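Source file model_38.pdb; content: PDB, C-alpha atoms, pLDDT in the B column.
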ATOM      1  CA  MET A   6      59.749   5.683 -77.925  1.00 87.00           C
ATOM      2  CA  ASP A   7      58.096   2.268 -78.152  1.00 96.00           C
ATOM      3  CA  ARG A   8      55.512   3.032 -80.832  1.00 96.00           C
ATOM      4  CA  THR A   9      53.502  -0.115 -80.130  1.00 97.00           C
ATOM      5  CA  LEU A  10      52.920   0.826 -76.495  1.00 97.00           C
ATOM      6  CA  LYS A  11      51.975   4.327 -77.591  1.00 96.00           C
ATOM      7  CA  ALA A  12      49.569   2.845 -80.136  1.00 97.00           C
ATOM      8  CA  LEU A  13      47.965   0.583 -77.518  1.00 97.00           C
ATOM      9  CA  SER A  14      47.647   3.578 -75.200  1.00 97.00           C
ATOM     10  CA  LEU A  15      45.729   5.430 -77.915  1.00 96.00           C
ATOM     11  CA  ILE A  16      43.483   2.459 -78.758  1.00 97.00           C
ATOM     12  CA  LEU A  17      42.454   2.252 -75.098  1.00 97.00           C
ATOM     13  CA  SER A  18      41.822   6.006 -74.817  1.00 96.00           C
ATOM     14  CA  TYR A  19      38.432   7.707 -74.977  1.00 96.00           C
ATOM     15  CA  PRO A  20      37.432   7.975 -78.654  1.00 97.00           C
ATOM     16  CA  SER A  21      37.785  11.337 -80.357  1.00 96.00           C
ATOM     17  CA  ARG A  22      37.634  12.552 -83.951  1.00 96.00           C
ATOM     18  CA  GLU A  23      41.419  12.988 -83.996  1.00 96.00           C
ATOM     19  CA  LEU A  24      41.899   9.460 -82.695  1.00 96.00           C
ATOM     20  CA  GLN A  25      39.589   8.097 -85.382  1.00 96.00           C
ATOM     21  CA  GLU A  26      41.609   9.830 -88.079  1.00 96.00           C
ATOM     22  CA  ALA A  27      44.847   8.378 -86.703  1.00 96.00           C
ATOM     23  CA  MET A  28      43.555   4.788 -86.519  1.00 96.00           C
ATOM     24  CA  PRO A  29      44.950   3.616 -89.891  1.00 94.00           C
ATOM     25  CA  GLU A  30      48.452   4.612 -88.771  1.00 96.00           C
ATOM     26  CA  ILE A  31      47.909   3.174 -85.276  1.00 96.00           C
ATOM     27  CA  GLY A  32      46.762  -0.137 -86.739  1.00 95.00           C
ATOM     28  CA  GLY A  33      49.762  -0.192 -89.048  1.00 95.00           C
ATOM     29  CA  VAL A  34      52.204   0.283 -86.175  1.00 96.00           C
ATOM     30  CA  ILE A  35      50.773  -2.681 -84.271  1.00 96.00           C
ATOM     31  CA  ALA A  36      50.474  -4.872 -87.365  1.00 94.00           C
ATOM     32  CA  ALA A  37      54.214  -4.503 -87.954  1.00 96.00           C
ATOM     33  CA  ASP A  38      55.330  -5.553 -84.444  1.00 97.00           C
ATOM     34  CA  PRO A  39      56.586  -9.179 -84.395  1.00 97.00           C
ATOM     35  CA  ARG A  40      56.563  -9.226 -80.558  1.00 96.00           C
ATOM     36  CA  ILE A  41      52.783  -9.658 -80.782  1.00 97.00           C
ATOM     37  CA  ALA A  42      51.228 -12.897 -82.071  1.00 97.00           C
ATOM     38  CA  ALA A  43      49.955 -12.764 -85.631  1.00 97.00           C
ATOM     39  CA  ASP A  44      46.322 -13.511 -84.683  1.00 97.00           C
ATOM     40  CA  THR A  45      46.375 -10.766 -82.053  1.00 97.00           C
ATOM     41  CA  ARG A  46      47.850  -8.289 -84.526  1.00 97.00           C
ATOM     42  CA  ALA A  47      45.119  -9.179 -86.996  1.00 97.00           C
ATOM     43  CA  ALA A  48      42.430  -8.686 -84.336  1.00 97.00           C
ATOM     44  CA  LEU A  49      43.890  -5.304 -83.404  1.00 97.00           C
ATOM     45  CA  ARG A  50      44.014  -4.272 -87.045  1.00 96.00           C
ATOM     46  CA  ARG A  51      40.313  -5.147 -87.361  1.00 96.00           C
ATOM     47  CA  LEU A  52      39.616  -3.159 -84.194  1.00 96.00           C
ATOM     48  CA  ALA A  53      41.500  -0.132 -85.558  1.00 96.00           C
ATOM     49  CA  ASP A  54      39.792  -0.378 -88.963  1.00 95.00           C
ATOM     50  CA  GLY A  55      36.355  -0.619 -87.344  1.00 95.00           C
ATOM     51  CA  PHE A  56      37.199   2.281 -85.053  1.00 95.00           C
ATOM     52  CA  ALA A  57      38.136   4.445 -88.031  1.00 94.00           C
ATOM     53  CA  LYS A  58      34.847   3.753 -89.859  1.00 94.00           C
ATOM     54  CA  ALA A  59      32.325   3.711 -87.003  1.00 96.00           C
ATOM     55  CA  ASP A  60      30.084   6.536 -85.861  1.00 97.00           C
ATOM     56  CA  LEU A  61      32.005   8.522 -83.248  1.00 97.00           C
ATOM     57  CA  TYR A  62      29.084   8.814 -80.844  1.00 96.00           C
ATOM     58  CA  ASP A  63      28.513   5.059 -80.961  1.00 96.00           C
ATOM     59  CA  LEU A  64      32.183   4.520 -80.168  1.00 97.00           C
ATOM     60  CA  GLN A  65      32.047   6.911 -77.243  1.00 97.00           C
ATOM     61  CA  GLU A  66      28.882   5.348 -75.856  1.00 95.00           C
ATOM     62  CA  SER A  67      30.368   1.854 -76.116  1.00 94.00           C
ATOM     63  CA  TYR A  68      33.569   2.998 -74.410  1.00 96.00           C
ATOM     64  CA  VAL A  69      31.702   4.580 -71.504  1.00 94.00           C
ATOM     65  CA  MET A  70      29.477   1.536 -71.017  1.00 92.00           C
ATOM     66  CA  LEU A  71      32.490  -0.761 -70.957  1.00 93.00           C
ATOM     67  CA  PHE A  72      35.140   1.099 -69.014  1.00 94.00           C
ATOM     68  CA  ASP A  73      33.395   3.864 -67.071  1.00 90.00           C
ATOM     69  CA  ARG A  74      30.156   2.189 -66.001  1.00 87.00           C
ATOM     70  CA  SER A  75      31.605  -1.283 -65.457  1.00 86.00           C
ATOM     71  CA  ARG A  76      33.853  -1.171 -62.412  1.00 84.00           C
ATOM     72  CA  THR A  77      35.109  -4.711 -63.111  1.00 90.00           C
ATOM     73  CA  LEU A  78      36.428  -3.372 -66.431  1.00 93.00           C
ATOM     74  CA  SER A  79      37.894  -0.170 -65.021  1.00 91.00           C
ATOM     75  CA  LEU A  80      41.059   1.023 -66.747  1.00 94.00           C
ATOM     76  CA  ASN A  81      42.175   2.602 -63.457  1.00 90.00           C
ATOM     77  CA  LEU A  82      44.432  -0.218 -62.310  1.00 88.00           C
ATOM     78  CA  PHE A  83      44.562   0.586 -58.603  1.00 81.00           C
ATOM     79  CA  GLU A  84      40.780   0.178 -58.408  1.00 81.00           C
ATOM     80  CA  HIS A  85      41.377  -3.543 -58.846  1.00 81.00           C
ATOM     81  CA  VAL A  86      43.824  -3.540 -55.936  1.00 71.00           C
ATOM     82  CA  HIS A  87      42.781  -0.905 -53.400  1.00 52.00           C
ATOM     83  CA  GLY A  88      39.242  -0.038 -54.441  1.00 55.00           C
ATOM     84  CA  GLU A  89      38.724   3.573 -53.395  1.00 61.00           C
ATOM     85  CA  SER A  90      40.464   3.190 -50.044  1.00 53.00           C
ATOM     86  CA  ARG A  91      43.056   5.615 -48.733  1.00 62.00           C
ATOM     87  CA  ASP A  92      45.758   3.099 -49.668  1.00 63.00           C
ATOM     88  CA  ARG A  93      45.028   3.977 -53.252  1.00 68.00           C
ATOM     89  CA  GLY A  94      45.771   7.626 -52.526  1.00 69.00           C
ATOM     90  CA  GLY A  95      49.298   6.832 -51.349  1.00 72.00           C
ATOM     91  CA  ALA A  96      49.913   4.579 -54.327  1.00 74.00           C
ATOM     92  CA  MET A  97      48.660   7.343 -56.618  1.00 76.00           C
ATOM     93  CA  VAL A  98      51.052   9.899 -55.150  1.00 82.00           C
ATOM     94  CA  SER A  99      53.949   7.479 -55.580  1.00 84.00           C
ATOM     95  CA  LEU A 100      52.993   6.845 -59.184  1.00 84.00           C
ATOM     96  CA  ILE A 101      52.888  10.570 -59.959  1.00 87.00           C
ATOM     97  CA  GLU A 102      56.335  10.962 -58.386  1.00 87.00           C
ATOM     98  CA  THR A 103      57.620   8.061 -60.494  1.00 86.00           C
ATOM     99  CA  TYR A 104      56.323   9.708 -63.656  1.00 88.00           C
ATOM    100  CA  ARG A 105      57.986  12.990 -62.771  1.00 88.00           C
ATOM    101  CA  ALA A 106      61.263  11.282 -61.861  1.00 86.00           C
ATOM    102  CA  GLY A 107      61.208   9.805 -65.370  1.00 86.00           C
ATOM    103  CA  GLY A 108      60.665  13.238 -66.917  1.00 87.00           C
ATOM    104  CA  PHE A 109      57.023  12.465 -67.733  1.00 88.00           C
ATOM    105  CA  GLU A 110      54.208  14.875 -66.913  1.00 81.00           C
ATOM    106  CA  PRO A 111      50.812  13.473 -67.980  1.00 75.00           C
ATOM    107  CA  ALA A 112      48.843  16.054 -69.978  1.00 72.00           C
ATOM    108  CA  THR A 113      45.444  14.602 -69.165  1.00 69.00           C
ATOM    109  CA  SER A 114      42.598  14.842 -66.705  1.00 74.00           C
ATOM    110  CA  GLU A 115      42.716  11.080 -66.145  1.00 79.00           C
ATOM    111  CA  LEU A 116      44.035   9.624 -62.901  1.00 83.00           C
ATOM    112  CA  PRO A 117      47.678   8.509 -62.981  1.00 86.00           C
ATOM    113  CA  ASP A 118      46.768   4.808 -62.669  1.00 86.00           C
ATOM    114  CA  HIS A 119      44.646   4.999 -65.834  1.00 92.00           C
ATOM    115  CA  LEU A 120      46.058   2.300 -68.112  1.00 95.00           C
ATOM    116  CA  PRO A 121      46.487   4.493 -71.224  1.00 95.00           C
ATOM    117  CA  VAL A 122      48.476   6.981 -69.115  1.00 94.00           C
ATOM    118  CA  LEU A 123      50.694   4.230 -67.727  1.00 94.00           C
ATOM    119  CA  LEU A 124      51.267   2.816 -71.215  1.00 96.00           C
ATOM    120  CA  GLU A 125      52.254   6.221 -72.551  1.00 95.00           C
ATOM    121  CA  PHE A 126      54.800   6.506 -69.748  1.00 94.00           C
ATOM    122  CA  LEU A 127      56.089   2.975 -70.371  1.00 95.00           C
ATOM    123  CA  SER A 128      56.534   3.786 -74.056  1.00 96.00           C
ATOM    124  CA  THR A 129      59.431   6.040 -72.959  1.00 94.00           C
ATOM    125  CA  ARG A 130      61.097   3.423 -70.712  1.00 95.00           C
ATOM    126  CA  PRO A 131      63.563   0.577 -71.445  1.00 95.00           C
ATOM    127  CA  PHE A 132      61.773  -2.566 -72.583  1.00 95.00           C
ATOM    128  CA  ALA A 133      63.048  -4.635 -69.658  1.00 94.00           C
ATOM    129  CA  GLU A 134      61.277  -2.199 -67.309  1.00 93.00           C
ATOM    130  CA  VAL A 135      58.165  -2.359 -69.465  1.00 95.00           C
ATOM    131  CA  GLN A 136      58.071  -6.139 -69.216  1.00 95.00           C
ATOM    132  CA  GLU A 137      58.537  -6.119 -65.444  1.00 93.00           C
ATOM    133  CA  THR A 138      55.727  -3.627 -64.984  1.00 91.00           C
ATOM    134  CA  LEU A 139      53.314  -5.446 -67.284  1.00 93.00           C
ATOM    135  CA  ALA A 140      54.227  -8.790 -65.721  1.00 91.00           C
ATOM    136  CA  ASP A 141      53.330  -7.466 -62.268  1.00 87.00           C
ATOM    137  CA  ALA A 142      49.891  -6.532 -63.610  1.00 89.00           C
ATOM    138  CA  ALA A 143      49.519  -9.671 -65.755  1.00 90.00           C
ATOM    139  CA  HIS A 144      46.613 -11.148 -63.808  1.00 90.00           C
ATOM    140  CA  ILE A 145      44.663  -7.861 -64.089  1.00 91.00           C
ATOM    141  CA  LEU A 146      45.311  -7.694 -67.833  1.00 93.00           C
ATOM    142  CA  ASP A 147      44.238 -11.319 -68.308  1.00 93.00           C
ATOM    143  CA  ALA A 148      41.089 -10.875 -66.211  1.00 92.00           C
ATOM    144  CA  LEU A 149      40.091  -7.766 -68.147  1.00 94.00           C
ATOM    145  CA  ALA A 150      40.742  -9.587 -71.426  1.00 95.00           C
ATOM    146  CA  ALA A 151      38.515 -12.480 -70.324  1.00 94.00           C
ATOM    147  CA  ARG A 152      35.706 -10.129 -69.318  1.00 94.00           C
ATOM    148  CA  LEU A 153      35.921  -8.339 -72.668  1.00 95.00           C
ATOM    149  CA  VAL A 154      35.802 -11.660 -74.526  1.00 95.00           C
ATOM    150  CA  ARG A 155      32.607 -12.462 -72.603  1.00 92.00           C
ATOM    151  CA  ARG A 156      31.145  -9.220 -73.929  1.00 92.00           C
ATOM    152  CA  ASP A 157      32.369  -9.943 -77.447  1.00 94.00           C
ATOM    153  CA  SER A 158      34.434  -6.738 -77.423  1.00 95.00           C
ATOM    154  CA  GLY A 159      37.309  -6.190 -79.823  1.00 96.00           C
ATOM    155  CA  TYR A 160      39.151  -4.343 -77.045  1.00 97.00           C
ATOM    156  CA  ALA A 161      40.106  -7.787 -75.665  1.00 97.00           C
ATOM    157  CA  ALA A 162      42.878  -7.941 -78.276  1.00 97.00           C
ATOM    158  CA  ALA A 163      44.617  -4.924 -76.742  1.00 97.00           C
ATOM    159  CA  PHE A 164      44.923  -6.734 -73.421  1.00 97.00           C
ATOM    160  CA  ALA A 165      46.081  -9.910 -75.141  1.00 96.00           C
ATOM    161  CA  ALA A 166      48.828  -7.864 -76.804  1.00 97.00           C
ATOM    162  CA  LEU A 167      49.942  -6.401 -73.464  1.00 97.00           C
ATOM    163  CA  SER A 168      50.124  -9.883 -71.934  1.00 95.00           C
ATOM    164  CA  GLN A 169      52.252 -11.042 -74.864  1.00 96.00           C
ATOM    165  CA  LEU A 170      54.598  -8.087 -74.466  1.00 96.00           C
ATOM    166  CA  ALA A 171      54.946  -8.949 -70.768  1.00 94.00           C
ATOM    167  CA  ASP A 172      55.934 -12.496 -71.775  1.00 90.00           C
ATOM    168  CA  MET A 173      54.868 -13.753 -68.347  1.00 87.00           C
ATOM    169  CA  GLN A 174      52.213 -16.275 -67.395  1.00 87.00           C
ATOM    170  CA  ALA A 175      49.699 -14.661 -65.059  1.00 84.00           C
ATOM    171  CA  ASP A 176      48.941 -16.254 -61.697  1.00 84.00           C
ATOM    172  CA  ALA A 177      45.928 -18.446 -62.480  1.00 88.00           C
ATOM    173  CA  GLU A 178      44.535 -18.209 -58.949  1.00 89.00           C
ATOM    174  CA  ALA A 179      44.738 -14.411 -58.959  1.00 85.00           C
ATOM    175  CA  VAL A 180      42.956 -14.277 -62.319  1.00 87.00           C
ATOM    176  CA  ALA A 181      40.279 -16.653 -61.030  1.00 88.00           C
ATOM    177  CA  ASP A 182      39.784 -14.489 -57.920  1.00 86.00           C
ATOM    178  CA  MET A 183      39.140 -11.454 -60.110  1.00 85.00           C
ATOM    179  CA  LEU A 184      36.822 -13.313 -62.461  1.00 85.00           C
ATOM    180  CA  ALA A 185      34.847 -14.633 -59.496  1.00 87.00           C
ATOM    181  CA  GLN A 186      33.485 -11.119 -58.995  1.00 84.00           C
ATOM    182  CA  PRO A 187      30.150 -10.762 -60.814  1.00 80.00           C
ATOM    183  CA  ASP A 188      30.100  -8.658 -63.949  1.00 77.00           C
ATOM    184  CA  ASP A 189      28.476  -5.254 -63.584  1.00 71.00           C
ATOM    185  CA  ASP A 190      25.316  -4.361 -65.431  1.00 66.00           C
ATOM    186  CA  PRO A 191      26.244  -0.904 -66.805  1.00 64.00           C
ATOM    187  CA  THR A 192      22.576  -0.104 -67.391  1.00 59.00           C
ATOM    188  CA  ASP A 193      21.659  -0.575 -63.697  1.00 53.00           C
ATOM    189  CA  LEU A 194      22.613   2.898 -62.504  1.00 54.00           C
ATOM    190  CA  ALA A 195      20.988   2.492 -59.090  1.00 54.00           C
ATOM    191  CA  ALA A 196      23.059  -0.588 -58.341  1.00 48.00           C
ATOM    192  CA  LEU A 197      26.240   1.142 -59.504  1.00 52.00           C
ATOM    193  CA  ASP A 198      25.530   4.173 -57.323  1.00 54.00           C
ATOM    194  CA  ALA A 199      25.018   1.898 -54.310  1.00 52.00           C
ATOM    195  CA  VAL A 200      28.366   0.183 -54.943  1.00 46.00           C
ATOM    196  CA  TRP A 201      30.218   3.454 -55.392  1.00 47.00           C
ATOM    197  CA  GLU A 202      28.885   5.219 -52.273  1.00 51.00           C
ATOM    198  CA  GLU A 203      32.088   5.144 -50.243  1.00 48.00           C
ATOM    199  CA  THR A 204      34.391   7.628 -48.529  1.00 37.00           C
ATOM    200  CA  GLU A 205      36.021  10.093 -50.853  1.00 42.00           C
ATOM    201  CA  VAL A 206      39.644   9.344 -51.620  1.00 42.00           C
ATOM    202  CA  THR A 207      42.218  12.055 -50.987  1.00 39.00           C
ATOM    203  CA  PHE A 208      45.494  12.204 -52.880  1.00 39.00           C
ATOM    204  CA  GLY A 209      47.425  14.472 -50.549  1.00 36.00           C
ATOM    205  CA  PRO A 210      51.032  13.963 -49.442  1.00 35.00           C
ATOM    206  CA  ASP A 211      51.751  10.555 -47.976  1.00 37.00           C
ATOM    207  CA  PRO A 212      54.836  10.324 -45.728  1.00 33.00           C
ATOM    208  CA  ASN A 213      55.185   6.650 -46.596  1.00 36.00           C
ATOM    209  CA  ALA A 214      54.961   7.160 -50.346  1.00 35.00           C
ATOM    210  CA  GLY A 215      58.196   6.384 -52.154  1.00 34.00           C
ATOM    211  CA  CYS A 216      58.828   6.263 -55.879  1.00 36.00           C
ATOM    212  CA  PRO A 217      61.597   3.793 -56.795  1.00 38.00           C
ATOM    213  CA  GLN A 218      59.844   2.173 -59.800  1.00 41.00           C
ATOM    214  CA  VAL A 219      56.340   1.735 -61.135  1.00 44.00           C
ATOM    215  CA  ARG A 220      56.793  -2.034 -60.864  1.00 43.00           C
ATOM    216  CA  ASP A 221      57.309  -1.821 -57.085  1.00 45.00           C
ATOM    217  CA  MET A 222      53.789  -0.474 -56.730  1.00 42.00           C
ATOM    218  CA  LEU A 223      52.269  -2.824 -59.264  1.00 44.00           C
ATOM    219  CA  ALA A 224      53.916  -5.759 -57.487  1.00 45.00           C
ATOM    220  CA  ALA A 225      51.220  -5.375 -54.827  1.00 42.00           C
ATOM    221  CA  MET A 226      48.728  -6.437 -57.476  1.00 41.00           C
ATOM    222  CA  ASP A 227      49.800 -10.084 -57.279  1.00 41.00           C
ATOM    223  CA  ARG A 228      46.901 -10.917 -54.965  1.00 39.00           C
ATOM    224  CA  PRO A 229      44.108  -8.383 -55.457  1.00 41.00           C
ATOM    225  CA  THR A 230      41.575  -8.076 -52.660  1.00 39.00           C
ATOM    226  CA  PRO A 231      38.137  -7.163 -53.995  1.00 38.00           C
ATOM    227  CA  LYS A 232      36.717  -4.081 -52.268  1.00 37.00           C
ATOM    228  CA  PRO A 233      33.651  -1.918 -52.853  1.00 37.00           C
ATOM    229  CA  LEU A 234      34.402   0.824 -55.328  1.00 36.00           C
ATOM    230  CA  ASN A 235      32.947   4.232 -56.001  1.00 37.00           C
ATOM    231  CA  ARG A 236      33.327   7.146 -58.365  1.00 36.00           C
ATOM    232  CA  SER A 237      33.169   9.909 -55.782  1.00 35.00           C
ATOM    233  CA  ALA A 238      36.820  10.697 -56.386  1.00 33.00           C
TER
END
Could you spell out this file's structure in structure tokens?
Amino acid sequence: MDRTLKALSLILSYPSRELQEAMPEIGGVIAADPRIAADTRAALRRLADGFAKADLYDLQESYVMLFDRSRTLSLNLFEHVHGESRDRGGAMVSLIETYRAGGFEPATSELPDHLPVLLEFLSTRPFAEVQETLADAAHILDALAARLVRRDSGYAAAFAALSQLADMQADAEAVADMLAQPDDDPTDLAALDAVWEETEVTFGPDPNAGCPQVRDMLAAMDRPTPKPLNRSA
């Protein structure tokens, strides 16, 4: 198992008491990985140390405001590609099949395109496959990192680390297209509800859904098309 990818998966997961207690070890794993730039490792170590010492409820509230109430910071990767359209349902089915073909059965209530779930799966895969997958999503990772920097969030370092592991320059135009979307105001619940009022997504069988590799699905992310999103699913 790639312990760094597992550690990054945990850092980006919803905070819990158990996760807080594990943060010193998680920070140590990342700090020892020479594949990540020294300044990024230091930033992640500070993030892990702060996580371990902070009030749990403050951590949870911050996490929800960032990743659950800000659709432009969603950790569900296909939201940045398909929105909540039916195309996302087919991609989701394919991703689940890919996990199962790799002997991986996510033990979580999160959707399969949730970044921490994907990272946990990738931690079990050969590194060449990891790099291909992360490279295909590089522009999403870079855009999320930039948005987190704007909000002065330490989570930006996790996305910087993933970009460094991918070792691939993101498409600048694709990143710019994503950043051109206005940032959400997570406190404006009425506006968020209006954005998310769309047709419910179904994740039933898709006759066109194949499962050769995760990277084949993430390759479609090269040119994301912004679409209205919702949380009805």
- request: One decimal, Å: what's the distance from atom CA of A:Asp172 over to atom CA of A:Ile35, could you say?
  value: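 Computed distance, atom CA of A:Asp172 to atom CA of A:Ile35, equals 16.7 Å.
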field: Length of the atom CA of A:Pro121 to atom CA of A:Ser79 vector [Å]
entry: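 These two atoms are separated by 11.6 Å.
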field: Residues matched by the PyMOL selection byres ((chain A and resi 15) around 12), written as a PyMOL selection string
entry: chain A and resi 8-14+16-21+23-28+30-32+34-35+53+56+120-125+128+160+163
query: What separation in Å, quoted to one decimal, exists between atom CA of A:His85 and atom CA of A:Leu71?
result: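 Separating atom CA of A:His85 from atom CA of A:Leu71 is a distance of 15.3 Å.
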task: Using all atoms listed in the file, collect all residues at a distance of at most 12 Å from (44.2, 10.8, -65.1) as written in the file, then present them as a ChimeraX atom specification.
output: /A:18-19,80-82,97,100-101,110-123,125,238
Test item: the PyMOL selection byres ((chain A and resi 149) around 9) resolved as an mmCIF file with C-alpha atoms, in the frame of the given file:
data_model
loop_
_atom_site.group_PDB
_atom_site.id
_atom_site.type_symbol
_atom_site.label_atom_id
_atom_site.label_comp_id
_atom_site.auth_asym_id
_atom_site.auth_seq_id
_atom_site.Cartn_x
_atom_site.Cartn_y
_atom_site.Cartn_z
ATOM 1 C CA THR A 77 35.109 -4.711 -63.111
ATOM 2 C CA LEU A 78 36.428 -3.372 -66.431
ATOM 3 C CA SER A 79 37.894 -0.170 -65.021
ATOM 4 C CA LEU A 80 41.059 1.023 -66.747
ATOM 5 C CA HIS A 144 46.613 -11.148 -63.808
ATOM 6 C CA ILE A 145 44.663 -7.861 -64.089
ATOM 7 C CA LEU A 146 45.311 -7.694 -67.833
ATOM 8 C CA ASP A 147 44.238 -11.319 -68.308
ATOM 9 C CA ALA A 148 41.089 -10.875 -66.211
ATOM 10 C CA ALA A 150 40.742 -9.587 -71.426
ATOM 11 C CA ALA A 151 38.515 -12.480 -70.324
ATOM 12 C CA ARG A 152 35.706 -10.129 -69.318
ATOM 13 C CA LEU A 153 35.921 -8.339 -72.668
ATOM 14 C CA VAL A 154 35.802 -11.660 -74.526
ATOM 15 C CA ALA A 161 40.106 -7.787 -75.665
ATOM 16 C CA PHE A 164 44.923 -6.734 -73.421
ATOM 17 C CA MET A 183 39.140 -11.454 -60.110
ATOM 18 C CA LEU A 184 36.822 -13.313 -62.461
#
Nearby residues (all atoms listed in the file) at most 9 Å from A:Gln136, same-chain spacing under 6 positions excluded, as a count of residues only: 4
Using 5 Å of padding on each side, determine the axis-aligned box around all atoms of stretch 102-108 of chain A present in the file and give its centre and edge lengths in Å to one decimal, as AutoDock Vina command-line options.
--center_x 58.8 --center_y 10.6 --center_z -62.7 --size_x 14.9 --size_y 15.2 --size_z 18.5
Which residue of A:Gly95, A:Ala175, A:Tyr62, A:Pro39 approaches A:Leu139 most closely, using only C-alpha atoms: A:Ala175
Restore N, CA and C atoms in stretch 23-41 of chain A and list the result as a short mmCIF file (atom, residue, chain, number, x, y, z; two decimals), in the coordinates of the input.
data_model
loop_
_atom_site.label_atom_id
_atom_site.label_comp_id
_atom_site.auth_asym_id
_atom_site.auth_seq_id
_atom_site.Cartn_x
_atom_site.Cartn_y
_atom_site.Cartn_z
N GLU A 23 39.99 13.06 -83.65
CA GLU A 23 41.42 12.99 -84.00
C GLU A 23 41.93 11.56 -83.90
N LEU A 24 41.48 10.84 -82.88
CA LEU A 24 41.90 9.46 -82.70
C LEU A 24 41.37 8.59 -83.84
N GLN A 25 40.14 8.83 -84.24
CA GLN A 25 39.59 8.10 -85.38
C GLN A 25 40.46 8.30 -86.62
N GLU A 26 40.83 9.53 -86.88
CA GLU A 26 41.61 9.83 -88.08
C GLU A 26 42.99 9.19 -88.05
N ALA A 27 43.51 8.96 -86.84
CA ALA A 27 44.85 8.38 -86.70
C ALA A 27 44.83 6.85 -86.70
N MET A 28 43.64 6.24 -86.67
CA MET A 28 43.56 4.79 -86.52
C MET A 28 44.25 3.99 -87.62
N PRO A 29 44.21 4.39 -88.89
CA PRO A 29 44.95 3.62 -89.89
C PRO A 29 46.44 3.52 -89.57
N GLU A 30 47.03 4.63 -89.13
CA GLU A 30 48.45 4.61 -88.77
C GLU A 30 48.68 3.79 -87.52
N ILE A 31 47.79 3.93 -86.52
CA ILE A 31 47.91 3.17 -85.28
C ILE A 31 47.84 1.68 -85.56
N GLY A 32 46.88 1.27 -86.38
CA GLY A 32 46.76 -0.14 -86.74
C GLY A 32 47.98 -0.65 -87.47
N GLY A 33 48.57 0.20 -88.32
CA GLY A 33 49.76 -0.19 -89.05
C GLY A 33 50.96 -0.41 -88.14
N VAL A 34 51.09 0.44 -87.12
CA VAL A 34 52.20 0.28 -86.18
C VAL A 34 52.12 -1.07 -85.48
N ILE A 35 50.94 -1.42 -85.00
CA ILE A 35 50.77 -2.68 -84.27
C ILE A 35 50.92 -3.87 -85.20
N ALA A 36 50.41 -3.76 -86.42
CA ALA A 36 50.47 -4.87 -87.36
C ALA A 36 51.91 -5.23 -87.73
N ALA A 37 52.82 -4.28 -87.57
CA ALA A 37 54.21 -4.50 -87.95
C ALA A 37 55.09 -4.98 -86.81
N ASP A 38 54.52 -5.20 -85.61
CA ASP A 38 55.33 -5.55 -84.44
C ASP A 38 55.36 -7.07 -84.25
N PRO A 39 56.50 -7.71 -84.50
CA PRO A 39 56.59 -9.18 -84.40
C PRO A 39 56.56 -9.69 -82.96
N ARG A 40 56.63 -8.79 -81.96
CA ARG A 40 56.56 -9.23 -80.56
C ARG A 40 55.15 -9.69 -80.20
N ILE A 41 54.18 -9.31 -81.02
CA ILE A 41 52.78 -9.66 -80.78
C ILE A 41 52.39 -10.77 -81.74
#
